[in-house]
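Trainee: Please see the structure below; I have some questions.
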Amino acid sequence: VALRGALNINLACIVYTGMLTAAGEMAATAFTGSNPWDSAAMSLLIEEAGGKVSNIKGHSQRYDRQTLGFVGSAPEIHDELVEIIGNHQF
């Protein structure tokens with residue numbers, strides 16, 4: 001990821017990074033957590049702002065059960081980001 005100019009930061013609040021992504025201040029946010037309350041609100045914010053969201057495998061997910069992580073990003077980089085994340089074991 002760093003080779004593509006990405007910067008890995010931890011702001012200690014996944015919802016805050018989702019808000020920054022929705023506002024266009026960050027290109028993407030991703031995490032491997034399984035709690036649906038961590039990603040349900042971010043999903044709504046990012047999609048309403050025109051972004052794309054999925055689990056870390058690139059599939060849509062429900063938020064009434066455990067999730068398989070979260071990836072939210074600008075649509076033009078989403079698939080590549082999911083591919084990069086998918087190459088790692090969590």
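By order of appearance in the structure tokens: chains A, B, ..., then residues from 1 within every chain, and ligands from 1 in the order shown.
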Within chain A, find each residue whose DSSP state, derived from the backbone, is helix (DSSP H, G or I), and express the selection as a PyMOL selection string.
Mentor: chain A and resi 2-4+14-22+36-48+75-86
Trainee: Can I get the selected residues back with N, CA and C atoms, as a compact mmCIF listing (two decimals), in the first residue's frame?
Mentor:
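Contents of the output file again04.txt:
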# COMPACT_ATOMS: atom_id res chain seq x y z
N ALA A 2 1.94 1.23 0.78
CA ALA A 2 2.82 2.40 0.85
C ALA A 2 3.45 2.71 -0.51
N LEU A 3 3.67 1.69 -1.32
CA LEU A 3 4.24 1.91 -2.64
C LEU A 3 3.30 2.69 -3.54
N ARG A 4 2.02 2.67 -3.25
CA ARG A 4 1.03 3.38 -4.05
C ARG A 4 0.74 4.77 -3.49
N ILE A 14 -12.85 4.44 14.61
CA ILE A 14 -13.17 4.02 13.25
C ILE A 14 -14.31 4.85 12.65
N VAL A 15 -15.27 5.27 13.47
CA VAL A 15 -16.36 6.08 12.93
C VAL A 15 -15.84 7.45 12.48
N TYR A 16 -14.88 8.00 13.19
CA TYR A 16 -14.30 9.28 12.77
C TYR A 16 -13.62 9.15 11.41
N THR A 17 -12.90 8.06 11.18
CA THR A 17 -12.27 7.87 9.87
C THR A 17 -13.32 7.70 8.79
N GLY A 18 -14.45 7.09 9.13
CA GLY A 18 -15.55 6.97 8.18
C GLY A 18 -16.13 8.33 7.83
N MET A 19 -16.25 9.19 8.81
CA MET A 19 -16.74 10.54 8.55
C MET A 19 -15.77 11.31 7.67
N LEU A 20 -14.48 11.16 7.93
CA LEU A 20 -13.47 11.83 7.09
C LEU A 20 -13.51 11.31 5.67
N THR A 21 -13.74 10.02 5.51
CA THR A 21 -13.85 9.43 4.17
C THR A 21 -15.08 9.97 3.46
N ALA A 22 -16.21 10.00 4.14
CA ALA A 22 -17.44 10.53 3.54
C ALA A 22 -17.29 11.99 3.14
N PRO A 36 -21.00 -5.09 14.18
CA PRO A 36 -21.75 -4.35 13.17
C PRO A 36 -21.95 -2.88 13.52
N TRP A 37 -22.02 -2.54 14.80
CA TRP A 37 -22.23 -1.14 15.19
C TRP A 37 -21.03 -0.28 14.85
N ASP A 38 -19.88 -0.89 14.60
CA ASP A 38 -18.71 -0.12 14.21
C ASP A 38 -18.76 0.32 12.75
N SER A 39 -19.54 -0.37 11.95
CA SER A 39 -19.53 -0.05 10.52
C SER A 39 -20.89 0.36 9.94
N ALA A 40 -21.98 0.14 10.64
CA ALA A 40 -23.30 0.45 10.09
C ALA A 40 -23.46 1.94 9.78
N ALA A 41 -23.10 2.80 10.72
CA ALA A 41 -23.24 4.24 10.49
C ALA A 41 -22.29 4.72 9.40
N MET A 42 -21.06 4.19 9.42
CA MET A 42 -20.09 4.58 8.39
C MET A 42 -20.59 4.20 7.01
N SER A 43 -21.19 3.04 6.90
CA SER A 43 -21.71 2.59 5.61
C SER A 43 -22.71 3.59 5.05
N LEU A 44 -23.64 4.00 5.88
CA LEU A 44 -24.64 4.97 5.45
C LEU A 44 -24.01 6.29 5.04
N LEU A 45 -23.11 6.82 5.86
CA LEU A 45 -22.47 8.10 5.56
C LEU A 45 -21.68 8.06 4.25
N ILE A 46 -20.88 7.02 4.09
CA ILE A 46 -20.01 6.92 2.91
C ILE A 46 -20.83 6.70 1.64
N GLU A 47 -21.84 5.83 1.71
CA GLU A 47 -22.67 5.61 0.52
C GLU A 47 -23.46 6.86 0.14
N GLU A 48 -24.01 7.56 1.11
CA GLU A 48 -24.76 8.78 0.82
C GLU A 48 -23.87 9.86 0.23
N PRO A 75 -15.18 5.39 -4.92
CA PRO A 75 -15.47 4.26 -5.81
C PRO A 75 -14.32 3.86 -6.72
N GLU A 76 -13.55 4.83 -7.18
CA GLU A 76 -12.50 4.54 -8.14
C GLU A 76 -11.33 3.75 -7.57
N ILE A 77 -11.20 3.68 -6.25
CA ILE A 77 -10.09 2.91 -5.67
C ILE A 77 -10.56 1.70 -4.87
N HIS A 78 -11.86 1.53 -4.75
CA HIS A 78 -12.40 0.51 -3.84
C HIS A 78 -11.95 -0.91 -4.20
N ASP A 79 -12.12 -1.30 -5.43
CA ASP A 79 -11.78 -2.67 -5.83
C ASP A 79 -10.30 -2.98 -5.63
N GLU A 80 -9.44 -2.03 -5.96
CA GLU A 80 -8.01 -2.24 -5.77
C GLU A 80 -7.67 -2.34 -4.28
N LEU A 81 -8.30 -1.52 -3.48
CA LEU A 81 -8.07 -1.57 -2.04
C LEU A 81 -8.51 -2.91 -1.45
N VAL A 82 -9.67 -3.40 -1.86
CA VAL A 82 -10.15 -4.70 -1.39
C VAL A 82 -9.19 -5.81 -1.81
N GLU A 83 -8.66 -5.71 -3.00
CA GLU A 83 -7.69 -6.72 -3.48
C GLU A 83 -6.43 -6.70 -2.62
N ILE A 84 -5.93 -5.54 -2.30
CA ILE A 84 -4.73 -5.42 -1.47
C ILE A 84 -5.00 -5.98 -0.08
N ILE A 85 -6.12 -5.61 0.51
CA ILE A 85 -6.46 -6.10 1.84
C ILE A 85 -6.69 -7.59 1.82
N GLY A 86 -7.32 -8.09 0.78
CA GLY A 86 -7.62 -9.52 0.67
C GLY A 86 -6.39 -10.40 0.58
Trainee: Between A:Gly72, A:Asn87, A:Glu25, A:Cys13, which one has atoms that come closest to His59 (chain A), using only C-alpha atoms?
Mentor: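 Of the candidates, the smallest distance to His59 (chain A) is held by A:Gly72.
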Trainee: What's around Thr67 (chain A) at 9 Å? Count only C-alpha atoms, leave out sequence neighbours fewer than 5 positions away in its own chain, and write the answer as a PyMOL selection string.
Mentor: chain A and resi 32-36+39+55+61-62
Trainee: Determine, counting only C-alpha atoms, which protein, DNA and RNA residues have an atom within 6 Å of an atom of Ser54 (chain A); residues of the same chain fewer than 2 positions away are not included. Present the result as an mmCIF file with all heavy atoms, in the first residue's frame.
Mentor:
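The result, stored in around.cif:
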data_model
loop_
_atom_site.group_PDB
_atom_site.id
_atom_site.type_symbol
_atom_site.label_atom_id
_atom_site.label_comp_id
_atom_site.auth_asym_id
_atom_site.auth_seq_id
_atom_site.Cartn_x
_atom_site.Cartn_y
_atom_site.Cartn_z
ATOM 1 N N GLY A 58 -14.826 -7.712 -0.241
ATOM 2 C CA GLY A 58 -15.447 -7.021 -1.360
ATOM 3 C C GLY A 58 -16.928 -7.276 -1.529
ATOM 4 O O GLY A 58 -17.530 -6.847 -2.503
ATOM 5 N N HIS A 59 -17.555 -7.941 -0.577
ATOM 6 C CA HIS A 59 -18.981 -8.261 -0.667
ATOM 7 C C HIS A 59 -19.793 -7.318 0.206
ATOM 8 O O HIS A 59 -19.313 -6.818 1.222
ATOM 9 C CB HIS A 59 -19.225 -9.705 -0.217
ATOM 10 C CG HIS A 59 -18.415 -10.702 -0.973
ATOM 11 N ND1 HIS A 59 -18.639 -11.009 -2.296
ATOM 12 C CD2 HIS A 59 -17.357 -11.458 -0.598
ATOM 13 C CE1 HIS A 59 -17.766 -11.904 -2.703
ATOM 14 N NE2 HIS A 59 -16.962 -12.199 -1.683
ATOM 15 N N SER A 60 -21.058 -7.130 -0.168
ATOM 16 C CA SER A 60 -21.936 -6.343 0.689
ATOM 17 C C SER A 60 -22.205 -7.140 1.964
ATOM 18 O O SER A 60 -22.003 -8.355 1.995
ATOM 19 C CB SER A 60 -23.243 -6.024 -0.041
ATOM 20 O OG SER A 60 -23.926 -7.213 -0.355
ATOM 21 N N PHE A 70 -14.576 -4.083 7.306
ATOM 22 C CA PHE A 70 -15.223 -2.979 6.612
ATOM 23 C C PHE A 70 -14.215 -2.262 5.736
ATOM 24 O O PHE A 70 -13.088 -2.011 6.155
ATOM 25 C CB PHE A 70 -15.796 -1.978 7.631
ATOM 26 C CG PHE A 70 -16.473 -0.806 7.007
ATOM 27 C CD1 PHE A 70 -17.796 -0.881 6.633
ATOM 28 C CD2 PHE A 70 -15.784 0.372 6.783
ATOM 29 C CE1 PHE A 70 -18.430 0.202 6.048
ATOM 30 C CE2 PHE A 70 -16.398 1.462 6.198
ATOM 31 C CZ PHE A 70 -17.738 1.369 5.838
ATOM 32 N N VAL A 71 -14.634 -1.945 4.527
ATOM 33 C CA VAL A 71 -13.853 -1.101 3.621
ATOM 34 C C VAL A 71 -14.818 -0.063 3.064
ATOM 35 O O VAL A 71 -15.847 -0.407 2.494
ATOM 36 C CB VAL A 71 -13.221 -1.900 2.464
ATOM 37 C CG1 VAL A 71 -12.447 -0.976 1.541
ATOM 38 C CG2 VAL A 71 -12.328 -3.004 2.987
#
Trainee: Enumerate the residues of region 18-61 of chain A with a DSSP assignment of strand (DSSP E or B), computed from the backbone, and present them as a PDB file with all heavy atoms, in the first residue's frame.
Mentor:
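Here's the written file part33.pdb:
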ATOM      1  N   ALA A  28      -9.972   6.561   1.927  1.00  0.00           N
ATOM      2  CA  ALA A  28     -10.577   5.293   2.343  1.00  0.00           C
ATOM      3  C   ALA A  28     -10.386   5.057   3.826  1.00  0.00           C
ATOM      4  O   ALA A  28      -9.534   5.666   4.463  1.00  0.00           O
ATOM      5  CB  ALA A  28      -9.938   4.139   1.573  1.00  0.00           C
ATOM      6  N   THR A  29     -11.190   4.150   4.336  1.00  0.00           N
ATOM      7  CA  THR A  29     -11.017   3.639   5.686  1.00  0.00           C
ATOM      8  C   THR A  29     -11.298   2.145   5.652  1.00  0.00           C
ATOM      9  O   THR A  29     -12.150   1.689   4.887  1.00  0.00           O
ATOM     10  CB  THR A  29     -11.936   4.363   6.703  1.00  0.00           C
ATOM     11  OG1 THR A  29     -11.624   3.909   8.020  1.00  0.00           O
ATOM     12  CG2 THR A  29     -13.397   4.114   6.417  1.00  0.00           C
ATOM     13  N   ALA A  30     -10.549   1.399   6.437  1.00  0.00           N
ATOM     14  CA  ALA A  30     -10.734  -0.051   6.467  1.00  0.00           C
ATOM     15  C   ALA A  30     -10.386  -0.569   7.856  1.00  0.00           C
ATOM     16  O   ALA A  30      -9.516  -0.020   8.528  1.00  0.00           O
ATOM     17  CB  ALA A  30      -9.844  -0.724   5.426  1.00  0.00           C
ATOM     18  N   PHE A  31     -11.091  -1.600   8.277  1.00  0.00           N
ATOM     19  CA  PHE A  31     -10.744  -2.258   9.525  1.00  0.00           C
ATOM     20  C   PHE A  31     -11.247  -3.685   9.493  1.00  0.00           C
ATOM     21  O   PHE A  31     -12.095  -4.036   8.680  1.00  0.00           O
ATOM     22  CB  PHE A  31     -11.250  -1.482  10.740  1.00  0.00           C
ATOM     23  CG  PHE A  31     -12.727  -1.593  10.998  1.00  0.00           C
ATOM     24  CD1 PHE A  31     -13.198  -2.384  12.024  1.00  0.00           C
ATOM     25  CD2 PHE A  31     -13.635  -0.886  10.246  1.00  0.00           C
ATOM     26  CE1 PHE A  31     -14.556  -2.475  12.281  1.00  0.00           C
ATOM     27  CE2 PHE A  31     -14.988  -0.959  10.491  1.00  0.00           C
ATOM     28  CZ  PHE A  31     -15.450  -1.765  11.512  1.00  0.00           C
ATOM     29  N   LYS A  52     -18.169   3.948  -1.858  1.00  0.00           N
ATOM     30  CA  LYS A  52     -18.488   2.533  -1.991  1.00  0.00           C
ATOM     31  C   LYS A  52     -18.062   1.830  -0.711  1.00  0.00           C
ATOM     32  O   LYS A  52     -17.009   2.130  -0.150  1.00  0.00           O
ATOM     33  CB  LYS A  52     -17.745   1.947  -3.201  1.00  0.00           C
ATOM     34  CG  LYS A  52     -18.136   0.532  -3.539  1.00  0.00           C
ATOM     35  CD  LYS A  52     -17.496   0.104  -4.854  1.00  0.00           C
ATOM     36  CE  LYS A  52     -17.855  -1.350  -5.160  1.00  0.00           C
ATOM     37  NZ  LYS A  52     -17.251  -1.789  -6.416  1.00  0.00           N
ATOM     38  N   VAL A  53     -18.868   0.867  -0.253  1.00  0.00           N
ATOM     39  CA  VAL A  53     -18.559   0.125   0.961  1.00  0.00           C
ATOM     40  C   VAL A  53     -18.714  -1.372   0.724  1.00  0.00           C
ATOM     41  O   VAL A  53     -19.483  -1.804  -0.136  1.00  0.00           O
ATOM     42  CB  VAL A  53     -19.448   0.552   2.152  1.00  0.00           C
ATOM     43  CG1 VAL A  53     -19.254   2.009   2.475  1.00  0.00           C
ATOM     44  CG2 VAL A  53     -20.905   0.255   1.891  1.00  0.00           C
ATOM     45  N   SER A  54     -17.951  -2.150   1.479  1.00  0.00           N
ATOM     46  CA  SER A  54     -18.052  -3.608   1.419  1.00  0.00           C
ATOM     47  C   SER A  54     -17.374  -4.189   2.649  1.00  0.00           C
ATOM     48  O   SER A  54     -16.800  -3.467   3.457  1.00  0.00           O
ATOM     49  CB  SER A  54     -17.377  -4.154   0.157  1.00  0.00           C
ATOM     50  OG  SER A  54     -15.970  -4.022   0.240  1.00  0.00           O
TER      51      SER A  54
END
Trainee: Between A:Ala12, A:His88, A:Gly51, A:Arg65, which has the minimum distance to Ala27 (chain A) (counting only C-alpha atoms)?
Mentor: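 Selected residue with least distance to Ala27 (chain A): A:Gly51.
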